[in-house]
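Asks: Let me give you the structure first, and then I'll get to my questions.
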Amino acid sequence: MENKLSMEDKSAHGSESENGQKTVHSSGSKDGCPAENGLFTRNFTLVVIGQIISLFGNAAIRFALPLYLLNQTGSSALYGTVMACAFIPTILLTPVGGLIADRVNKRNIMVILDFSTAGLILLFACLMNSLDLMVLLTLTLMILYGIAGAYQPAVQASIPLLVGQEHFVQANAVVNVISSFASLLGPVLGGILYSVYGLRPILAVCIVSFVVSAVMEIFIRMPHCKQEQEGKVLQIVRRDFARSIQFIRRDKPVIGKGVLVTCGINLFLSAMIVVGLPYLITEVLPFTTDEANRLYGYAQGALAAGGIVGGIGAGVLAQRLQIRKTGNLLVLGAVCVFPMAAALLWQNHGMVSYLIIATVCFLIMVISTVFTVQIMSFVQTETPEQLLGKVMALIMTVAMCAQPFGSAMYGFLFELCAGYEAAVVLFAGGISLMIAVRTRKVFAGL
């Protein structure tokens, strides 16, 4: 039955949460808030459509703005610096988004952030010819990435409120497929519009996209469990963070161990793919510059396609996937790295090496997507609703923190081992395999 209650429901009642904090429930499910029956319910469908529109707009604008800066300045160093600065707010604001998601109706968060993104892009369009481009574009990208970091915890935490527990895996698979489609087609569409019409039409399209997404999200009926706010803001933030960390470390230590495993894989495997893929294709394999750039684009498409296939596969096989066997996926992903190292030993056969590398990246992305869907579904099942946003945000933040360190490490290693790049890839595969094998017990006991 469709849930008719909202955060203003006058029939709300109180209950005690695990930590003794009084929680006012406007409905009831896994912690008092019922989800609708089925997967593609009216409200979840509206969330999905809103995600499609906003993620495509986000992917297009985050592709076009840095490219515009690069074209205007011609400086790769400036380009890299701006992108590094833009990533910082994502790490900082993701946990903040989790805190807010647990205390504010998640629908309202989505609506406000989509409208804010539209307003930000409009402001950039009005100021781009009157202010210093580098400063304006850096600030705009930082805010865009920060909004994205605050937005995703609300989406992830809303899934248990909109679908039944038996559909968590399929719902997470749908969200991951949408994200992968956006990563694949957003830059493609943005690149076409940019090359033909320039930046301003992209800005206009993205503004319209975010406004349409926000208006659509207004009609979502999102169950919300109001929590009493005791104390000042900083006290609430400190208490909420402490509770989420306690939950991960003590109440459900398997989640904490899973987070550490994910950090290790991000540090040694994911970062190698992020840094190694462009470097190996454009600098190591024997292609001309134009060929290398084109082939790198295809390889990026293979990564996005792997995310799509992995998301669809996780949804289709949802009833057969078992969380206790998730560790085997990590082992399989680590093993896939070794053919990539072998391909680098055949550099004279450039296209053969390229096809092996692209295929390996595709398979690793399929495996990592299935792994992510299973882990997210498990966390959503095991975490109380009043902690879900904070816990999801904490997991995403810790996992993201490993990526910059890994990228810096592999940038140094590939430069240090010039001519012996296969050794760097073997290092990544060996360490990742050790982590995967030693941590299978973490999941096998579930």
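Here, A, B, ... name the chains of the structure tokens in the order displayed, residue numbers run from 1 inside each chain, and ligands are numbered from 1 in the same displayed order.
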Run DSSP on the backbone of this structure and report the residues of stretch 146-352 of chain A it assigns to helix (DSSP H, G or I), as a PyMOL selection string.
Replies: chain A and resi 146-162+165-197+199-218+233-251+253-284+289-316+323-335+337-344+350-352
Asks: List the neighbours of A:Arg62 out to 12 Å using only C-alpha atoms; skip same-chain residues closer than 2 positions along the sequence, and give me the result as a compact mmCIF listing (two decimals) with C-alpha atoms, in the first residue's frame.
Replies:
```txt
# COMPACT_ATOMS: atom_id res chain seq x y z
CA SER A 54 20.23 15.23 -12.71
CA LEU A 55 23.10 12.76 -13.14
CA PHE A 56 23.19 13.29 -16.90
CA GLY A 57 23.23 17.04 -16.33
CA ASN A 58 25.94 16.70 -13.70
CA ALA A 59 28.12 14.49 -15.91
CA ALA A 60 27.77 16.88 -18.86
CA ALA A 64 32.39 20.67 -20.21
CA LEU A 65 33.65 23.14 -17.59
CA PRO A 66 37.18 21.68 -17.15
CA LEU A 67 37.47 21.22 -20.92
CA TYR A 68 36.51 24.86 -21.40
CA LEU A 69 39.25 25.89 -18.95
CA VAL A 82 41.61 22.80 -10.55
CA MET A 83 40.34 19.20 -10.72
CA ALA A 86 37.24 20.38 -7.03
CA PHE A 87 37.44 16.92 -5.47
CA THR A 117 22.73 23.42 -8.81
CA ILE A 121 25.11 27.17 -13.22
CA LEU A 137 35.48 27.98 -12.64
CA THR A 138 37.39 26.54 -9.67
CA THR A 140 31.94 26.56 -9.42
CA LEU A 141 33.42 23.08 -9.76
CA MET A 142 34.15 22.88 -6.03
CA ILE A 143 30.54 23.74 -5.23
CA LEU A 144 29.24 21.30 -7.87
CA TYR A 145 31.34 18.46 -6.48
CA ALA A 148 27.14 15.90 -5.44
CA ALA A 182 25.38 9.00 -16.94
CA SER A 183 29.16 8.49 -16.79
CA GLY A 186 26.83 12.49 -20.17
CA PRO A 187 30.35 13.36 -21.38
CA VAL A 188 29.51 12.09 -24.88
CA GLY A 190 28.33 17.19 -23.51
CA GLY A 191 31.25 16.75 -25.90
CA LEU A 199 29.70 26.10 -23.68
CA ILE A 202 25.40 23.11 -22.37
CA LEU A 203 24.85 25.52 -19.49
CA CYS A 206 21.91 21.63 -17.62
```
Asks: Which polymer residues have any atom within 12 Å of an atom of A:Cys361, counting only C-alpha atoms, with same-chain residues fewer than 4 positions away left out, as a VMD selection string?
Replies: chain A and resid 269 to 270 272 to 274 276 to 278 296 298 to 307 333 to 340 354 to 357 365 to 368
Asks: For A:Gly315, which residue out of A:Ala154, A:Val370, A:Val442, A:Leu133 is the nearest one, using only C-alpha atoms?
Replies: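 Closest to A:Gly315 of all the choices is A:Val370.
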Asks: Quick one, how far is atom CA of A:Lys390 from atom CA of A:Gln403?
Replies: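 Taking atom CA of A:Lys390 and atom CA of A:Gln403, their separation equals 20.5 Å.
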Asks: Using only C-alpha atoms, find the one residue out of A:Gly350, A:Met396, A:Phe443, A:Met110 that sits nearest to A:Ala292.
Replies: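 The closest residue to A:Ala292 is A:Gly350.
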Asks: Excluding A:Thr45 and any residue of its chain fewer than 2 positions from it, enumerate the residues within 12 Å of it, using only C-alpha atoms, and give them as a PyMOL selection string.
Replies: chain A and resi 36+38-43+47-52+159+162-163+171+174-175+216-217+219-221
Asks: Could you turn the residues from that selection into a file that holds N, CA, C and O atoms, as a tab-separated table (two decimals), in the first residue's frame?
Replies:
```tsv
chain	number	residue	atom	x	y	z
A	36	GLU	N	7.09	1.07	0.35
A	36	GLU	CA	6.03	0.59	-0.51
A	36	GLU	C	6.37	-0.80	-1.02
A	36	GLU	O	7.53	-1.20	-1.07
A	38	GLY	N	6.87	-3.79	-3.77
A	38	GLY	CA	7.35	-3.83	-5.14
A	38	GLY	C	8.60	-3.01	-5.32
A	38	GLY	O	9.06	-2.30	-4.41
A	39	LEU	N	9.18	-3.10	-6.52
A	39	LEU	CA	10.40	-2.36	-6.83
A	39	LEU	C	10.09	-1.00	-7.43
A	39	LEU	O	10.36	0.04	-6.82
A	40	PHE	N	9.50	-0.97	-8.62
A	40	PHE	CA	9.23	0.30	-9.29
A	40	PHE	C	7.90	0.88	-8.83
A	40	PHE	O	6.93	0.96	-9.57
A	41	THR	N	7.88	1.26	-7.55
A	41	THR	CA	6.73	1.95	-7.00
A	41	THR	C	6.70	3.39	-7.55
A	41	THR	O	7.67	3.87	-8.14
A	42	ARG	N	5.61	4.06	-7.33
A	42	ARG	CA	5.49	5.43	-7.84
A	42	ARG	C	6.62	6.31	-7.33
A	42	ARG	O	7.26	7.03	-8.11
A	43	ASN	N	6.88	6.26	-6.03
A	43	ASN	CA	7.87	7.16	-5.44
A	43	ASN	C	9.29	6.79	-5.85
A	43	ASN	O	10.11	7.67	-6.15
A	47	VAL	N	12.13	8.96	-8.03
A	47	VAL	CA	13.54	9.12	-7.64
A	47	VAL	C	14.45	8.71	-8.78
A	47	VAL	O	15.43	9.39	-9.11
A	48	VAL	N	14.13	7.58	-9.43
A	48	VAL	CA	14.95	7.07	-10.53
A	48	VAL	C	14.97	8.07	-11.69
A	48	VAL	O	16.04	8.39	-12.24
A	49	ILE	N	13.80	8.57	-12.07
A	49	ILE	CA	13.73	9.53	-13.18
A	49	ILE	C	14.49	10.80	-12.83
A	49	ILE	O	15.23	11.37	-13.66
A	50	GLY	N	14.32	11.27	-11.59
A	50	GLY	CA	15.07	12.45	-11.16
A	50	GLY	C	16.57	12.22	-11.21
A	50	GLY	O	17.34	13.11	-11.60
A	51	GLN	N	17.00	11.01	-10.81
A	51	GLN	CA	18.43	10.66	-10.88
A	51	GLN	C	18.93	10.67	-12.32
A	51	GLN	O	20.02	11.15	-12.61
A	52	ILE	N	18.13	10.11	-13.23
A	52	ILE	CA	18.54	10.08	-14.64
A	52	ILE	C	18.79	11.49	-15.14
A	52	ILE	O	19.83	11.78	-15.75
A	159	ILE	N	16.51	4.63	-0.30
A	159	ILE	CA	16.11	3.35	-0.90
A	159	ILE	C	15.33	2.47	0.08
A	159	ILE	O	14.26	1.94	-0.27
A	162	LEU	N	11.64	3.42	0.36
A	162	LEU	CA	10.78	3.42	-0.81
A	162	LEU	C	10.54	2.04	-1.40
A	162	LEU	O	9.61	1.87	-2.19
A	163	VAL	N	11.38	1.06	-1.06
A	163	VAL	CA	11.18	-0.30	-1.56
A	163	VAL	C	11.29	-1.27	-0.40
A	163	VAL	O	11.90	-0.96	0.63
A	171	ALA	N	17.13	-2.43	-6.28
A	171	ALA	CA	17.07	-0.97	-6.24
A	171	ALA	C	18.46	-0.36	-6.32
A	171	ALA	O	18.68	0.62	-7.06
A	174	VAL	N	19.70	-0.64	-9.85
A	174	VAL	CA	19.11	0.38	-10.73
A	174	VAL	C	19.87	1.70	-10.58
A	174	VAL	O	20.23	2.35	-11.58
A	175	VAL	N	20.13	2.11	-9.33
A	175	VAL	CA	20.84	3.36	-9.09
A	175	VAL	C	22.25	3.32	-9.69
A	175	VAL	O	22.72	4.29	-10.29
A	216	MET	N	10.15	17.55	-10.38
A	216	MET	CA	9.63	16.18	-10.33
A	216	MET	C	9.76	15.59	-8.93
A	216	MET	O	8.87	14.91	-8.43
A	217	GLU	N	10.89	15.89	-8.26
A	217	GLU	CA	11.13	15.34	-6.93
A	217	GLU	C	10.18	15.92	-5.89
A	217	GLU	O	9.96	15.30	-4.83
A	219	PHE	N	7.12	15.93	-5.99
A	219	PHE	CA	5.95	15.07	-5.91
A	219	PHE	C	6.25	13.70	-5.31
A	219	PHE	O	5.38	12.84	-5.24
A	220	ILE	N	7.48	13.49	-4.86
A	220	ILE	CA	7.82	12.24	-4.17
A	220	ILE	C	7.25	12.28	-2.76
A	220	ILE	O	7.43	13.26	-2.03
A	221	ARG	N	6.57	11.23	-2.36
A	221	ARG	CA	6.11	11.10	-0.97
A	221	ARG	C	7.12	10.23	-0.24
A	221	ARG	O	7.12	9.02	-0.36
```
Asks: Within 6 Å of A:Pro153, counting only C-alpha atoms, which residues show up once you throw out same-chain ones fewer than 4 positions away? Write them as a list of chain:residue names, please.
Replies: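 The contact residues come out as A:Gly98, A:Ala157, A:Gly389, A:Ala393.
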Asks: Could you turn the residues from that selection into a file that holds N, CA and C atoms, as a PDB file, in the first residue's frame?
Replies:
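Written file, selection-v6.pdb:
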```pdb
ATOM      1  N   GLY A  98      25.302  13.105   4.953  1.00  0.00           N
ATOM      2  CA  GLY A  98      24.748  11.977   5.699  1.00  0.00           C
ATOM      3  C   GLY A  98      24.059  12.414   6.975  1.00  0.00           C
ATOM      4  N   ALA A 157      20.215   6.604   1.241  1.00  0.00           N
ATOM      5  CA  ALA A 157      19.428   6.388   2.459  1.00  0.00           C
ATOM      6  C   ALA A 157      17.934   6.344   2.178  1.00  0.00           C
ATOM      7  N   GLY A 389      21.754   7.352   6.924  1.00  0.00           N
ATOM      8  CA  GLY A 389      22.419   8.397   6.147  1.00  0.00           C
ATOM      9  C   GLY A 389      23.843   8.630   6.617  1.00  0.00           C
ATOM     10  N   ALA A 393      27.183   7.715   4.453  1.00  0.00           N
ATOM     11  CA  ALA A 393      28.094   8.822   4.141  1.00  0.00           C
ATOM     12  C   ALA A 393      29.493   8.543   4.667  1.00  0.00           C
TER      13      ALA A 393
END
```
Asks: Would you mind telling me which residue in A:Ile218, A:Ala118, A:Ile207, A:Ala423 lies nearest to A:Asn105 when using only C-alpha atoms?
Replies: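 Among the listed residues, A:Ile218 lies closest to A:Asn105.
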Asks: Using only C-alpha atoms, which residue out of A:Asp132, A:Asp102, A:Asp114, A:Glu421 lies closest to A:Glu283?
Replies: A:Glu421
Asks: Smallest atom-to-atom distance to A:Phe371: which of A:Tyr410, A:Val424, A:Ala358, A:Asn176, using only C-alpha atoms?
Replies: A:Asn176
Asks: I'd like the neighbourhood of A:Ser244 as a PyMOL selection string, where a residue qualifies if any of its atoms comes within 10 Å (using only C-alpha atoms), though same-chain residues fewer than 6 positions away should be ignored.
Replies: chain A and resi 99+250-251+383+386-394
Asks: Include N, CA and C atoms and write out the residues we just selected as a CSV table (one decimal), in the first residue's frame.
Replies:
```csv
chain,number,residue,atom,x,y,z
A,99,LEU,N,24.7,13.4,7.7
A,99,LEU,CA,24.1,13.9,8.9
A,99,LEU,C,22.7,14.5,8.6
A,250,ARG,N,31.5,-1.2,16.7
A,250,ARG,CA,31.1,-2.1,17.8
A,250,ARG,C,29.9,-2.9,17.5
A,251,ASP,N,28.8,-2.2,17.2
A,251,ASP,CA,27.5,-2.8,16.9
A,251,ASP,C,27.6,-3.8,15.7
A,383,THR,N,21.5,-1.6,9.0
A,383,THR,CA,21.6,-0.3,9.7
A,383,THR,C,20.2,0.3,10.1
A,386,GLN,N,17.5,5.6,11.5
A,386,GLN,CA,17.9,6.9,12.0
A,386,GLN,C,19.4,7.1,11.9
A,387,LEU,N,20.2,6.0,11.6
A,387,LEU,CA,21.6,6.1,11.4
A,387,LEU,C,22.1,5.9,9.9
A,388,LEU,N,21.1,5.5,9.1
A,388,LEU,CA,21.5,5.1,7.7
A,388,LEU,C,22.2,6.1,6.9
A,389,GLY,N,21.8,7.4,6.9
A,389,GLY,CA,22.4,8.4,6.1
A,389,GLY,C,23.8,8.6,6.6
A,390,LYS,N,24.0,8.7,7.9
A,390,LYS,CA,25.4,8.9,8.5
A,390,LYS,C,26.3,7.8,8.2
A,391,VAL,N,25.8,6.6,8.3
A,391,VAL,CA,26.7,5.4,8.1
A,391,VAL,C,27.0,5.3,6.6
A,392,MET,N,26.1,5.5,5.7
A,392,MET,CA,26.4,5.4,4.3
A,392,MET,C,27.4,6.5,3.9
A,393,ALA,N,27.2,7.7,4.5
A,393,ALA,CA,28.1,8.8,4.1
A,393,ALA,C,29.5,8.5,4.7
A,394,LEU,N,29.6,8.0,5.9
A,394,LEU,CA,30.9,7.7,6.5
A,394,LEU,C,31.6,6.6,5.6
```
Asks: Determine the nearest neighbour of A:Ser158 from the options A:Met222, A:Val437, A:Met128, A:Leu260, counting only C-alpha atoms.
Replies: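 Of the candidates, the smallest distance to A:Ser158 is held by A:Met222.
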Asks: Please indicate the distance in Å from atom CA of A:Tyr279 to atom CA of A:Leu345, rounded to one decimal place.
Replies: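 Spanning atom CA of A:Tyr279 to atom CA of A:Leu345 is a straight-line distance of 15.5 Å.
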Asks: Find the distance between atom CA of A:Ala214 and atom CA of A:Val111 and write it in Å to one decimal.
Replies: 4.6 Å
